[in-house]
Every structure is written in structure tokens, then in C-alpha cells.
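Peer 1: I am attaching a structure below and will ask some questions about it afterwards.
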Amino acid sequence: AMRAISAHPLVAVRDSPHASSPRVRRAGYFTPRASRDSGSRSAGGDDSQAGLEVVRYGLFGGSAATYPLRALDDRKRATDAHTSTSYESSRKVNAATTIYEDGPLDALAISLFNHKLLSTVEDASDGYGTRLSSIEKEGLPKRGFARLVALAAKIGSSGRPAEAQTRVVTQTLLSLIPPPVRFLFKKLIKPSNWVDEMNAKITVGAFAWLVGPCEVVPRDRDGTMAAVKLKKCRYLEQSGCVGSCVNFCKRPTESFFLQAFGVDAHLAPNHEDGSCLMTFGQPAPVDDPAFQEPCYVTCVNAKDTGSRGDSGKDTSGGSCGPCPKLGNQRS
């Protein structure tokens with residue numbers, strides 16, 4: 001299927017910087033010209049921005065993400081359309097436009113994580129988990145990332161406060177790394193710039209299946225190659241929820257690296273374009289801006305007050321404060 005996509009005249013193919021498959025040619029980003037019958041010409045008649053961009057990523061470069069080149073502009077126009085009426089300009093639109101094709105190893109990693117997530121959902125040791133009925137299980141997506149998002153939503157709707165959600169997801173992530181490995185890492189390797197650089201490389205090579213294409217970039221404060229830029233976070237795009245971004249991804253990931261490897265990490269999601277910057281060797285600030293983000297106007301879980309109703313129309317009659325799923329968190 002990917003051969004057909006990459007051969008299409010509207011497709012630009014690019015490897016993730018750390019995809020290691022020798023069979024895939026590395027190519028830079030480029031903007032292809034759309035054919036007349038592509039149906040993707042711009043409104044002004046200039047089709048230079050039409051087409052697709054395919055990025056190879058993940059374990060051994062086995063996965064691919066396909067981005068419409070005009071998606072960012074369309075997203076901005078949609079946001080402008082909403083905010084020009086009764087919504088505050090701080091509210092964003094989040095629409096899933098990326099097409100993912102998971103390679104065999106990434107699909108296996110997702111399946112393993114889903115198995116552990118289901119155990120977390122049904123674990124009642126903290127007073128919140130409950131076994132799912134056969135009907136509830138049948139209602140879940142059968143496999144893949146859609147199942148992951150659905151299970152995360154189960155954790156989010158379990159009644160756990162935000163801090164408890166972070167705690168159980170952190171434990172689920174930690175279960176992916178054998179305890180002896182975590183113990184030895186923290187015992188033998190002390191925090192340093194090269195450790196931060198190593199964690200950045202490990203993240204790109206081993207965890208892109210969870211967040212999508214990403215690359216190592218210089219850390220802002222000193223230029224050390226100890227930061228990871230997520231092109232467009234897969235989980236944020238698929239969940240479409242600011243609170244879930246923080247409770248299921250940002251806070252657990254920060255906690256995971258600290259507990260597993262003794263390394264500080266700070267995730268800074270960008271709700272303008274769906275990207276995220278993960279910086280190693282830098283703790284999250286006490287007053288993290290991520291805790292003040294309002295709901296997306298497209299969020300199906302948004303609270304009626306200060307957000308949209310079930311009809312999708314504006315029912316707020318006013319402004320929207322922080323996403324209600326964030327609670328009163330501080331780093």
C-alpha cells in the first residue's frame with residue numbers, strides 16, 4: 001500500500017531522521033504540483049500547495065505518516081472561523097488529518113501497550129478500576145492505535161482525578177521496562193548532558209510508535225542535542241482533548257523518565273499546530289502553561305459551560321477557562 005502512495009505524483013516521501021531501514025531512500029521535504037484531476041487545487045487556482053507528505057518513522061523505519069500539505073492552513077482557517085464568532089481566540093480546532101500506517105514492530109508495541117492498558121482499566125486496586133463487560137469490550141476498537149485512544153478514554157472517564165490518572169498511566173509505561181534495567185540505569189548512570197542526549201535518541205528510536213514522527217533537535221538553553229520535536233503528536237491529534245494530552249501523555253511521560261532513568265524531562269505541547277517539544281535535563285516549570293489551556297472547540301468531551309454543547313454549536317455564552325479535565329494541577 002505504501003509503494004502505491006509513495007509513487008503518487010502528489011506525494012513527498014521523507015524518512016524520519018532516525019529511521020534506519022537501508023531499503024528506504026531518504027528525501028527532503030518538497031512541495032509537489034498537483035495534477036489537474038487531483039481535486040486538490042487551491043481556491044485561488046494555485047495548486048502549488050496541494051498534495052501529500054509521507055514521513056517514514058518508528059522502529060527500523062517501518063511505519064509511515066501521511067500529511068496533507070494544506071492541513072495546517074485549513075486548520076488555521078477553521079480556528080479563525082470559530083474564533084471570529086463567539087469563541088475566544090485562545091480556543092483551537094483539532095481535526096485529525098494524518099493517516100498512519102503502522103509497521104509490524106510498531107504494531108506489536110501498540111498491541112503490547114494496549115494489553116497493559118486494558119489491565120490498568122480493569123485494575124480496581126486504587127478504587128477506580130472496574131472489569132469491563134463483554135459488551136463494553138466488544139464496543140472497543142479491536143486493535144491498533146484507535147484501541148489505545150479508546151482505552152485511554154476509559155481511564156479518563158473512570159472517576160480518577162487528574163493526578164491519579166497520571167499515576168496509573170506512569171505505572172503502565174514503567175511496566176514496559178524491566179525493573180532490573182531501571183534500577184541499574186539509575187545506579188550506574190548519573191544525569192549529564194550525554195545521558196540527556198542518549199534519552200533523546202532512545203525516544204525517537206523506540207517510542208515514536210506512541211507519538212508519531214519526531215526528531216532530535218538542539219536544547220534551547222545550551223544547544224545540546226537533548227530535545228525531541230514531535231512533528232504532530234499522534235495521541236493529541238487522535239484524542240482531540242487538551243486534558244487527555246496532559247493526563248495521559250505529558251505528565252506520565254515526564255514522570256516515566258524521572259522514575260525509570262532519573263532524568264528530568266519537560267513536554268511542551270503546541271496546540272496551534274499539534275506539535276510538541278520534549279526537552280531532557282529540564283524539569284517542568286511549577287506554573288506550567290499546559291495546565292491553563294482551554295478546550296478545543298472540536299472536543300467532544302468539552303464541558304458545556306464555556307465550551308460547546310452536544311450539538312456542536314456554541315453554548316458557552318462567554319469565555320472558556322482551562323480544560324475541566326486538567327483539574328488544579330501544578331508540576
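Ordered as shown in the C-alpha cells, chains take letters A, B, and onward, while each chain numbers its residues from 1 and ligands are numbered from 1 in the order shown.
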Within 7 Å of stretch 204-206 of chain A, counting only C-alpha atoms, which residues qualify if same-chain residues fewer than 5 places away don't, as a list in words?

Peer 2: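 The residues satisfying every condition are His18, Gly58, Leu59, Cys214 and Glu215 of chain A.
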
Peer 1: Please provide as a list in words all residues within 8 Å of stretch 228-233 of chain A, with the sequence filter that same-chain residues fewer than 6 positions apart are discarded (counting only C-alpha atoms).

Peer 2: Ala200, Thr203, Val204, Val211, Gly212, Pro213, Cys214, Glu215, Val216, Val217, Asp273, Gly274, Ser275, Cys276, Leu277, Met278 and Thr279 of chain A

Peer 1: Give the helix (DSSP H, G or I) residues of stretch 96-225 of chain A, as DSSP finds them on the backbone, and put them as an MDAnalysis selection string.

Peer 2: chainID A and resid 104:122 134:139 144:156 162:174 179:188 193:206 208:211

Peer 1: Between A:Met225, A:Val168, A:Ile177, A:Ile189, single out the one closest to A:Gly156, counting only C-alpha atoms.

Peer 2: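 The answer is A:Val168, which sits nearest to A:Gly156.
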